[in-house]
>>> print(open('upload_0.txt').read())   # compact mmCIF, C-alpha atoms and all ligand atoms
# COMPACT_ATOMS: atom_id res chain seq x y z
CA MET A 1 24.77 -249.91 74.13
CA SER A 2 27.13 -247.68 76.06
CA GLU A 3 26.09 -244.44 77.65
CA GLN A 4 28.00 -242.53 75.02
CA HIS A 5 26.02 -244.26 72.29
CA GLU A 6 22.70 -243.74 74.02
CA ASN A 7 23.43 -240.05 74.48
CA LEU A 8 24.26 -239.69 70.85
CA LEU A 9 20.98 -241.29 69.83
CA LYS A 10 19.03 -239.10 72.26
CA GLN A 11 20.80 -236.02 70.98
CA PHE A 12 19.82 -237.00 67.44
CA GLN A 13 16.21 -237.59 68.42
CA THR A 14 15.92 -234.18 70.08
CA GLU A 15 17.37 -232.45 67.08
CA MET A 16 15.10 -234.45 64.77
CA GLU A 17 12.05 -233.33 66.67
CA ALA A 18 13.13 -229.74 66.12
CA ALA A 19 13.63 -230.25 62.36
CA LYS A 20 10.85 -228.47 60.45
CA THR A 21 11.95 -228.66 56.82
CA THR A 22 13.58 -231.14 54.42
CA ALA A 23 16.64 -228.86 54.52
CA ASP A 24 16.84 -229.28 58.31
CA VAL A 25 16.66 -233.07 57.94
CA GLU A 26 19.32 -233.02 55.24
CA ALA A 27 21.57 -231.05 57.58
CA LEU A 28 21.04 -233.74 60.22
CA ARG A 29 21.91 -236.46 57.75
CA VAL A 30 25.19 -234.73 57.02
CA LYS A 31 25.86 -234.12 60.71
CA TYR A 32 25.38 -237.78 61.69
CA LEU A 33 25.88 -239.93 58.62
CA GLY A 34 27.99 -237.70 56.37
CA LYS A 35 31.67 -238.41 55.60
CA LYS A 36 32.72 -236.58 58.74
CA GLY A 37 29.46 -237.25 60.59
CA GLU A 38 29.31 -238.32 64.20
CA VAL A 39 28.32 -241.94 63.53
CA THR A 40 30.90 -242.21 60.80
CA GLU A 41 33.58 -240.99 63.20
CA LEU A 42 32.53 -243.61 65.76
CA LEU A 43 32.89 -246.33 63.12
CA LYS A 44 36.35 -245.05 62.23
CA GLY A 45 37.33 -245.39 65.91
CA LEU A 46 36.63 -249.15 65.85
CA GLY A 47 40.10 -249.86 64.49
CA LYS A 48 41.69 -248.91 67.80
CA LEU A 49 39.74 -251.53 69.76
CA SER A 50 40.56 -255.18 70.42
CA ILE A 51 38.76 -257.78 68.32
CA GLU A 52 36.38 -258.67 71.16
CA GLU A 53 35.45 -255.06 71.86
CA ARG A 54 35.17 -254.33 68.20
CA LYS A 55 32.39 -256.90 67.70
CA ALA A 56 30.15 -255.61 70.45
CA THR A 57 30.80 -251.91 69.84
CA GLY A 58 30.48 -252.30 66.07
CA ALA A 59 27.09 -253.94 66.43
CA ALA A 60 25.91 -251.19 68.75
CA ILE A 61 27.03 -248.41 66.42
CA ASN A 62 25.38 -250.11 63.45
CA GLN A 63 22.16 -250.34 65.41
CA ILE A 64 22.28 -246.57 66.01
CA LYS A 65 23.12 -245.97 62.38
CA THR A 66 20.11 -247.96 61.16
CA LYS A 67 17.78 -246.15 63.53
CA ILE A 68 19.04 -242.75 62.43
CA GLN A 69 18.83 -243.74 58.75
CA SER A 70 15.23 -244.89 58.88
CA SER A 71 14.19 -241.92 60.98
CA ILE A 72 15.72 -239.58 58.41
CA GLU A 73 14.07 -241.38 55.50
CA GLU A 74 10.68 -241.31 57.13
CA SER A 75 10.64 -237.63 58.00
CA MET A 76 12.14 -236.73 54.60
CA LYS A 77 9.14 -238.33 52.95
CA LYS A 78 6.66 -236.70 55.29
CA LEU A 79 8.19 -233.22 55.05
CA ALA A 80 8.57 -233.36 51.27
CA LEU A 81 4.86 -234.07 50.95
CA GLN A 82 4.00 -231.26 53.35
CA GLU A 83 6.20 -228.85 51.43
CA LEU A 84 4.63 -229.79 48.10
CA ASP A 85 1.19 -229.34 49.60
CA ALA A 86 2.06 -225.90 50.92
CA LYS A 87 3.56 -224.90 47.58
CA LEU A 88 0.47 -225.94 45.63
CA LYS A 89 -1.81 -224.14 48.07
CA ALA A 90 0.23 -220.95 47.71
CA GLU A 91 -0.02 -221.02 43.91
CA LYS A 92 -3.03 -219.05 42.72
CA PRO A 93 -4.02 -219.41 39.07
CA ASP A 94 -3.89 -216.09 37.19
CA HIS A 95 -7.04 -216.03 35.11
CA SER A 96 -5.87 -212.97 33.19
CA MET A 97 -2.95 -214.88 31.59
CA PRO A 98 -3.31 -215.54 27.84
CA GLY A 99 -4.25 -219.15 27.08
CA THR A 100 -2.22 -221.58 24.97
CA TYR A 101 -3.80 -222.15 21.59
CA PRO A 102 -3.33 -225.35 19.59
CA ASN A 103 -1.47 -224.87 16.31
CA ILE A 104 -3.99 -225.43 13.57
CA GLY A 105 -2.52 -226.95 10.42
CA SER A 106 -3.41 -226.03 6.87
CA LEU A 107 -3.16 -227.64 3.47
CA HIS A 108 0.31 -227.57 1.90
CA PRO A 109 0.57 -224.98 -0.92
CA VAL A 110 1.19 -227.79 -3.42
CA THR A 111 -2.04 -229.49 -2.30
CA GLN A 112 -3.89 -226.17 -2.45
CA VAL A 113 -2.74 -225.48 -6.01
CA ALA A 114 -3.41 -229.09 -7.08
CA ASN A 115 -6.97 -228.78 -5.74
CA GLU A 116 -7.44 -225.51 -7.62
CA VAL A 117 -6.22 -227.04 -10.88
CA ILE A 118 -8.46 -230.08 -10.37
CA ASN A 119 -11.48 -227.87 -9.69
CA ILE A 120 -10.93 -225.84 -12.84
CA PHE A 121 -10.79 -228.93 -15.06
CA GLN A 122 -13.59 -230.78 -13.27
CA ALA A 123 -15.79 -227.74 -13.90
CA MET A 124 -15.03 -228.24 -17.62
CA GLY A 125 -16.20 -231.86 -17.43
CA PHE A 126 -12.90 -233.72 -16.96
CA PHE A 127 -12.85 -236.75 -14.63
CA LEU A 128 -9.95 -237.27 -12.22
CA THR A 129 -7.91 -240.46 -12.11
CA GLU A 130 -4.62 -241.69 -10.67
CA GLY A 131 -2.18 -244.53 -11.20
CA PRO A 132 1.02 -246.25 -10.04
CA GLU A 133 4.24 -244.39 -9.23
CA ILE A 134 6.24 -247.56 -9.88
CA GLU A 135 5.49 -247.87 -13.57
CA GLU A 136 6.29 -250.31 -16.31
CA GLU A 137 8.72 -248.98 -18.89
CA TYR A 138 6.11 -249.82 -21.48
CA TYR A 139 3.62 -247.29 -20.11
CA ASN A 140 6.18 -244.64 -19.18
CA PHE A 141 7.95 -244.78 -22.56
CA GLU A 142 7.15 -247.34 -25.27
CA ALA A 143 3.39 -246.83 -25.50
CA LEU A 144 4.06 -243.07 -25.60
CA ASN A 145 6.18 -243.44 -28.73
CA VAL A 146 9.51 -243.42 -26.88
CA PRO A 147 11.16 -246.74 -27.85
CA LYS A 148 14.39 -247.92 -26.20
CA HIS A 149 17.42 -245.84 -27.26
CA HIS A 150 15.14 -242.99 -28.36
CA PRO A 151 16.99 -239.74 -27.52
CA ALA A 152 13.86 -238.41 -25.77
CA ARG A 153 14.63 -240.78 -22.87
CA ASP A 154 17.55 -238.51 -22.04
CA MET A 155 15.18 -235.56 -21.60
CA GLN A 156 14.01 -237.17 -18.38
CA ASP A 157 16.67 -238.54 -16.05
CA THR A 158 15.02 -241.80 -15.11
CA PHE A 159 15.30 -243.83 -11.92
CA TYR A 160 15.34 -247.39 -13.28
CA LEU A 161 14.17 -250.26 -11.07
CA GLU A 162 14.44 -254.00 -11.63
CA SER A 163 12.56 -255.98 -14.27
CA ASP A 164 11.53 -253.27 -16.73
CA GLN A 165 10.10 -250.98 -14.09
CA VAL A 166 10.87 -247.31 -13.45
CA LEU A 167 9.77 -244.61 -11.04
CA ARG A 168 7.47 -242.86 -13.47
CA THR A 169 9.09 -239.72 -14.88
CA GLN A 170 5.77 -238.23 -15.96
CA THR A 171 2.02 -238.70 -15.52
CA SER A 172 1.62 -239.28 -19.27
CA PRO A 173 1.45 -243.10 -18.80
CA MET A 174 -1.99 -242.41 -17.30
CA GLN A 175 -3.13 -241.45 -20.81
CA VAL A 176 -2.37 -244.97 -21.99
CA ARG A 177 -3.74 -246.71 -18.90
CA THR A 178 -7.00 -244.75 -19.20
CA MET A 179 -7.44 -245.36 -22.94
CA GLU A 180 -6.85 -249.08 -22.43
CA LYS A 181 -9.90 -249.14 -20.17
CA ILE A 182 -12.27 -246.57 -21.71
CA GLU A 183 -13.61 -246.02 -25.20
CA PRO A 184 -13.84 -242.45 -26.55
CA PRO A 185 -15.16 -239.85 -26.10
CA LEU A 186 -13.27 -239.08 -22.90
CA LYS A 187 -11.90 -236.11 -20.95
CA MET A 188 -9.59 -237.08 -18.15
CA ILE A 189 -7.04 -235.53 -15.81
CA ALA A 190 -4.54 -237.51 -13.73
CA LEU A 191 -2.61 -236.12 -10.79
CA GLY A 192 0.33 -237.63 -8.99
CA LYS A 193 3.97 -237.77 -7.98
CA VAL A 194 6.70 -238.19 -10.59
CA TYR A 195 10.44 -238.78 -10.14
CA ARG A 196 13.55 -237.55 -11.91
CA CYS A 197 17.20 -237.69 -11.03
CA ASP A 198 17.54 -233.91 -10.75
CA TYR A 199 18.06 -231.42 -7.90
CA ASP A 200 18.55 -227.64 -7.93
CA ILE A 201 16.54 -224.47 -7.23
CA THR A 202 13.94 -225.32 -9.86
CA HIS A 203 14.12 -229.15 -9.78
CA SER A 204 13.29 -231.68 -7.10
CA PRO A 205 13.76 -235.48 -7.48
CA MET A 206 10.07 -235.87 -6.64
CA PHE A 207 7.41 -233.46 -7.83
CA HIS A 208 3.78 -233.49 -8.90
CA GLN A 209 2.34 -233.44 -12.38
CA MET A 210 -1.11 -233.16 -13.77
CA GLU A 211 -1.88 -234.79 -17.05
CA GLY A 212 -4.87 -234.05 -19.24
CA LEU A 213 -6.32 -235.94 -22.19
CA VAL A 214 -9.31 -235.33 -24.44
CA VAL A 215 -10.28 -237.83 -27.16
CA GLY A 216 -13.27 -237.77 -29.48
CA GLU A 217 -14.41 -237.14 -33.01
CA ASN A 218 -13.39 -233.83 -34.56
CA ILE A 219 -11.20 -232.74 -31.65
CA SER A 220 -8.87 -230.06 -33.01
CA MET A 221 -6.07 -227.75 -32.06
CA SER A 222 -8.61 -225.00 -31.40
CA ASP A 223 -10.22 -227.21 -28.72
CA LEU A 224 -6.79 -227.55 -27.15
CA LYS A 225 -6.21 -223.80 -27.22
CA GLY A 226 -9.68 -222.92 -25.94
CA THR A 227 -9.41 -225.34 -23.01
CA LEU A 228 -5.93 -224.29 -21.93
CA ILE A 229 -6.65 -220.57 -22.31
CA ALA A 230 -9.72 -221.01 -20.10
CA PHE A 231 -7.50 -222.73 -17.53
CA VAL A 232 -4.81 -220.04 -17.59
CA LYS A 233 -7.39 -217.26 -17.21
CA GLU A 234 -8.85 -218.98 -14.13
CA MET A 235 -5.44 -219.69 -12.63
CA PHE A 236 -3.47 -216.54 -13.44
CA GLY A 237 -6.13 -213.92 -14.16
CA LYS A 238 -5.35 -211.27 -16.76
CA ARG A 239 -1.69 -212.24 -17.24
CA ALA A 240 -0.61 -212.47 -20.90
CA TYR A 241 0.02 -215.97 -22.36
CA ARG A 242 1.32 -217.47 -25.57
CA PHE A 243 1.71 -220.83 -27.31
CA ARG A 244 5.17 -221.75 -28.60
CA THR A 245 5.95 -224.73 -30.85
CA SER A 246 7.82 -227.58 -29.15
CA TYR A 247 8.48 -231.30 -29.39
CA PHE A 248 7.10 -234.27 -27.46
CA PRO A 249 7.17 -237.83 -28.85
CA PHE A 250 3.54 -238.48 -27.88
CA THR A 251 2.05 -235.37 -29.53
CA GLU A 252 2.18 -234.04 -33.05
CA PRO A 253 2.16 -231.09 -33.41
CA SER A 254 3.44 -230.18 -29.95
CA ALA A 255 3.48 -226.86 -28.14
CA GLU A 256 4.35 -225.27 -24.85
CA MET A 257 2.34 -222.59 -23.15
CA ASP A 258 4.02 -219.62 -21.47
CA ILE A 259 2.71 -216.86 -19.25
CA GLN A 260 4.25 -213.45 -18.90
CA CYS A 261 7.05 -213.49 -16.30
CA ILE A 262 5.55 -212.80 -12.87
CA PHE A 263 8.77 -211.24 -11.59
CA CYS A 264 9.46 -208.61 -14.28
CA GLU A 265 6.02 -208.36 -15.94
CA GLY A 266 7.53 -209.23 -19.30
CA LYS A 267 10.45 -206.77 -19.29
CA GLY A 268 13.02 -209.57 -19.08
CA CYS A 269 14.91 -210.54 -15.91
CA LYS A 270 17.27 -213.18 -14.56
CA VAL A 271 14.47 -215.60 -13.63
CA CYS A 272 12.94 -215.65 -17.13
CA LYS A 273 16.42 -215.47 -18.66
CA GLY A 274 15.57 -212.15 -20.28
CA THR A 275 12.69 -213.53 -22.38
CA GLY A 276 9.84 -212.02 -20.36
CA TRP A 277 8.02 -215.40 -20.52
CA MET A 278 7.80 -218.47 -18.28
CA GLU A 279 6.79 -221.95 -19.40
CA ILE A 280 3.83 -223.47 -17.57
CA LEU A 281 2.85 -226.59 -19.52
CA GLY A 282 3.45 -228.88 -22.48
CA CYS A 283 0.67 -229.90 -24.83
CA GLY A 284 -0.18 -231.10 -28.30
CA MET A 285 -2.44 -233.19 -30.53
CA VAL A 286 -2.18 -236.87 -29.58
CA ASN A 287 0.25 -238.67 -31.89
CA PRO A 288 -1.64 -241.42 -33.81
CA LYS A 289 1.11 -243.83 -32.73
CA VAL A 290 -0.19 -243.54 -29.16
CA PHE A 291 -3.72 -244.32 -30.37
CA GLU A 292 -2.34 -247.35 -32.20
CA ALA A 293 -0.82 -248.64 -28.96
CA VAL A 294 -4.28 -248.66 -27.34
CA LYS A 295 -6.06 -249.82 -30.51
CA TYR A 296 -8.12 -246.68 -31.01
CA ASP A 297 -9.38 -246.04 -34.53
CA THR A 298 -6.99 -243.36 -35.80
CA GLU A 299 -9.31 -242.54 -38.73
CA LYS A 300 -12.20 -241.80 -36.45
CA TYR A 301 -10.63 -240.22 -33.38
CA THR A 302 -8.34 -237.31 -32.65
CA GLY A 303 -7.39 -235.82 -29.32
CA PHE A 304 -5.20 -233.43 -27.40
CA ALA A 305 -3.11 -233.84 -24.29
CA PHE A 306 -1.30 -231.62 -21.85
CA GLY A 307 0.92 -231.94 -18.81
CA MET A 308 2.03 -229.49 -16.15
CA GLY A 309 4.18 -229.44 -13.03
CA ILE A 310 2.13 -228.51 -9.97
CA GLU A 311 5.11 -227.12 -8.02
CA ARG A 312 5.93 -224.89 -10.96
CA ILE A 313 2.37 -223.58 -11.10
CA ALA A 314 2.50 -222.98 -7.31
CA MET A 315 5.81 -221.11 -7.63
CA LEU A 316 4.41 -218.85 -10.34
CA ARG A 317 1.15 -218.38 -8.51
CA TYR A 318 2.81 -217.32 -5.24
CA GLY A 319 6.09 -215.84 -6.52
CA ILE A 320 8.26 -218.55 -4.87
CA ASN A 321 11.78 -218.57 -6.33
CA ASP A 322 13.21 -221.83 -4.86
CA ILE A 323 11.35 -225.14 -5.25
CA ARG A 324 13.11 -226.51 -2.16
CA LEU A 325 11.06 -224.16 0.03
CA LEU A 326 8.07 -226.33 -0.88
CA PHE A 327 9.71 -229.45 0.55
CA ASN A 328 11.56 -228.17 3.65
CA SER A 329 8.53 -228.30 5.98
CA ASP A 330 9.58 -224.95 7.48
CA THR A 331 6.42 -223.75 9.23
CA ARG A 332 7.50 -220.08 8.94
CA PHE A 333 7.22 -220.51 5.17
CA LEU A 334 4.14 -222.76 5.17
CA LYS A 335 2.17 -220.48 7.52
CA GLN A 336 2.00 -217.85 4.78
CA PHE A 337 -0.45 -219.92 2.75
N1 LIG B 1 5.06 -235.45 -20.03
C1 LIG B 1 5.66 -234.19 -20.38
C2 LIG B 1 6.81 -233.89 -19.44
O1 LIG B 1 6.85 -234.48 -18.41
C3 LIG B 1 4.64 -233.08 -20.30
C4 LIG B 1 3.65 -233.18 -21.40
C5 LIG B 1 3.86 -232.56 -22.59
C6 LIG B 1 2.50 -233.93 -21.23
C7 LIG B 1 2.95 -232.63 -23.62
C8 LIG B 1 1.55 -234.03 -22.27
C9 LIG B 1 1.82 -233.35 -23.47
O2 LIG B 1 0.45 -234.72 -22.15
O3 LIG B 1 0.89 -233.45 -24.46
O4 LIG B 1 7.63 -233.08 -19.75
>>> encode(input="upload_0.txt", output="structure tokens")
Amino acid sequence: MSEQHENLLKQFQTEMEAAKTTADVEALRVKYLGKKGEVTELLKGLGKLSIEERKATGAAINQIKTKIQSSIEESMKKLALQELDAKLKAEKPDHSMPGTYPNIGSLHPVTQVANEVINIFQAMGFFLTEGPEIEEEYYNFEALNVPKHHPARDMQDTFYLESDQVLRTQTSPMQVRTMEKIEPPLKMIALGKVYRCDYDITHSPMFHQMEGLVVGENISMSDLKGTLIAFVKEMFGKRAYRFRTSYFPFTEPSAEMDIQCIFCEGKGCKVCKGTGWMEILGCGMVNPKVFEAVKYDTEKYTGFAFGMGIERIAMLRYGINDIRLLFNSDTRFLKQF
């Protein structure tokens, strides 16, 4: 190593000893190993030497370079640790700062309303059941007096699957499935998801329905009315209600139940299309054809059935005007319940 090289190394070592921070060391790295650094300049000068000289000098410069490099790396590590240590020591926790609280979840409004509806009917002696969302066409339609090509199939835009299966369009098939298993008398409700090819501010391709069925001897229309009026009073308080004649293939006679519009209190507005009323459920006396499908004695037994959309009940209960709010998972909306 020439004197020049030795001096350079000494100079570096002195300066390194004086370096107190990682910034100082970084400055040294630039000064010696940077693009225009002193060692780099020496290497550039090699080109002017003869081949013989170049070998020896090159090796010497590289030796210096390696030494400087490892020295820089080592003190970088050491100083970085020291600096972190000092920083952590200087940080004092402020015990007066507000803490972070975990976000506590709550039941979805649809679940809350479903639970309320279930409770009301269970208190009246109904048992709760559930069944498949992928349903056989037979249960979703045929057994409910909706044969193939019956116009009532158009009332419900069906998602058809392969081999005579559908995504159930209603929970009514649970009437048939239950009656196949149980002899009367019975009082059942069934809750679950249903699917229809429909999407706007009041329709969602998936929504929840609750079905109800009562079968026994001497069950009459007044039992139907008494039961559903008791439900509406529990669910909507003093709000006015009415029964209106309707049509469903699986009930005869059929009706729909309305409550007074929650937005205009019956005066008539856009939401209730000026009628002052809003539909909340369908119902009726079980059509004997449905009893025939499950081999119930139609001379001995009568019954009533009803079905309601849970999202619709939730919307009326809370004054929600767009069903999509219930499915967007926007916590600003959900936190209100
Ligand atoms: N399944 C009907 C629908 O989805 C609702 C319904 C109406 C159910 C009358 C019933 C009933 O059990 O008796 O529109």
>>> residues_around(input="upload_0.txt", residues="Ala23 of chain A", least_positions_apart="4", cutoff="10 Å", atoms="all atoms listed in the file", output="PyMOL selection string")
chain A and resi 19+27-29+76+79-80
>>> residues_near_point(input="upload_0.txt", point="(-5.1, -251.9, -14.4)", cutoff="10 Å", atoms="all atoms listed in the file", output="list in words")
Gly131, Pro132, Arg177, Thr178, Glu180 and Lys181 of chain A
>>> residues_near_ligand(input="upload_0.txt", ligand="ligand LIG 1 (chain B)", cutoff="9 Å", atoms="only C-alpha atoms and all ligand atoms", output="PyMOL selection string")
chain A and resi 155-156+169-173+175+194+209-213+246-252+254-256+281-286+304-309
>>> atom_distance(input="upload_0.txt", atom1="atom CA of Gln122 of chain A", atom2="atom CA of Ala190 of chain A")
11.3 Å
>>> atom_distance(input="upload_0.txt", atom1="atom CA of Glu116 of chain A", atom2="atom CA of Ile259 of chain A")
17.7 Å
>>> atom_distance(input="upload_0.txt", atom1="atom CA of Arg168 of chain A", atom2="atom CA of Phe141 of chain A")
9.3 Å
>>> closest_residue(input="upload_0.txt", among="A:Ile72, A:Ile201, A:Val30, A:Ile64", to="Leu9 of chain A", atoms="all atoms listed in the file")
A:Ile64
>>> closest_residue(input="upload_0.txt", among="A:Ala18, A:Val294, A:Cys272, A:Leu8", to="Ser75 of chain A", atoms="all atoms listed in the file")
A:Ala18
>>> residues_around(input="upload_0.txt", residues="Gln260 of chain A", least_positions_apart="4", cutoff="7 Å", atoms="only C-alpha atoms", output="PyMOL selection string")
chain A and resi 239-241+265-266+276-278
>>> residues_near_point(input="upload_0.txt", point="(3.0, -220.7, -10.7)", cutoff="12 Å", atoms="all atoms listed in the file", output="count of residues only")
38
>>> closest_residue(input="upload_0.txt", among="A:Leu191, A:Leu107, A:Leu186, A:Met16", to="Ile219 of chain A", atoms="all atoms listed in the file")
A:Leu186
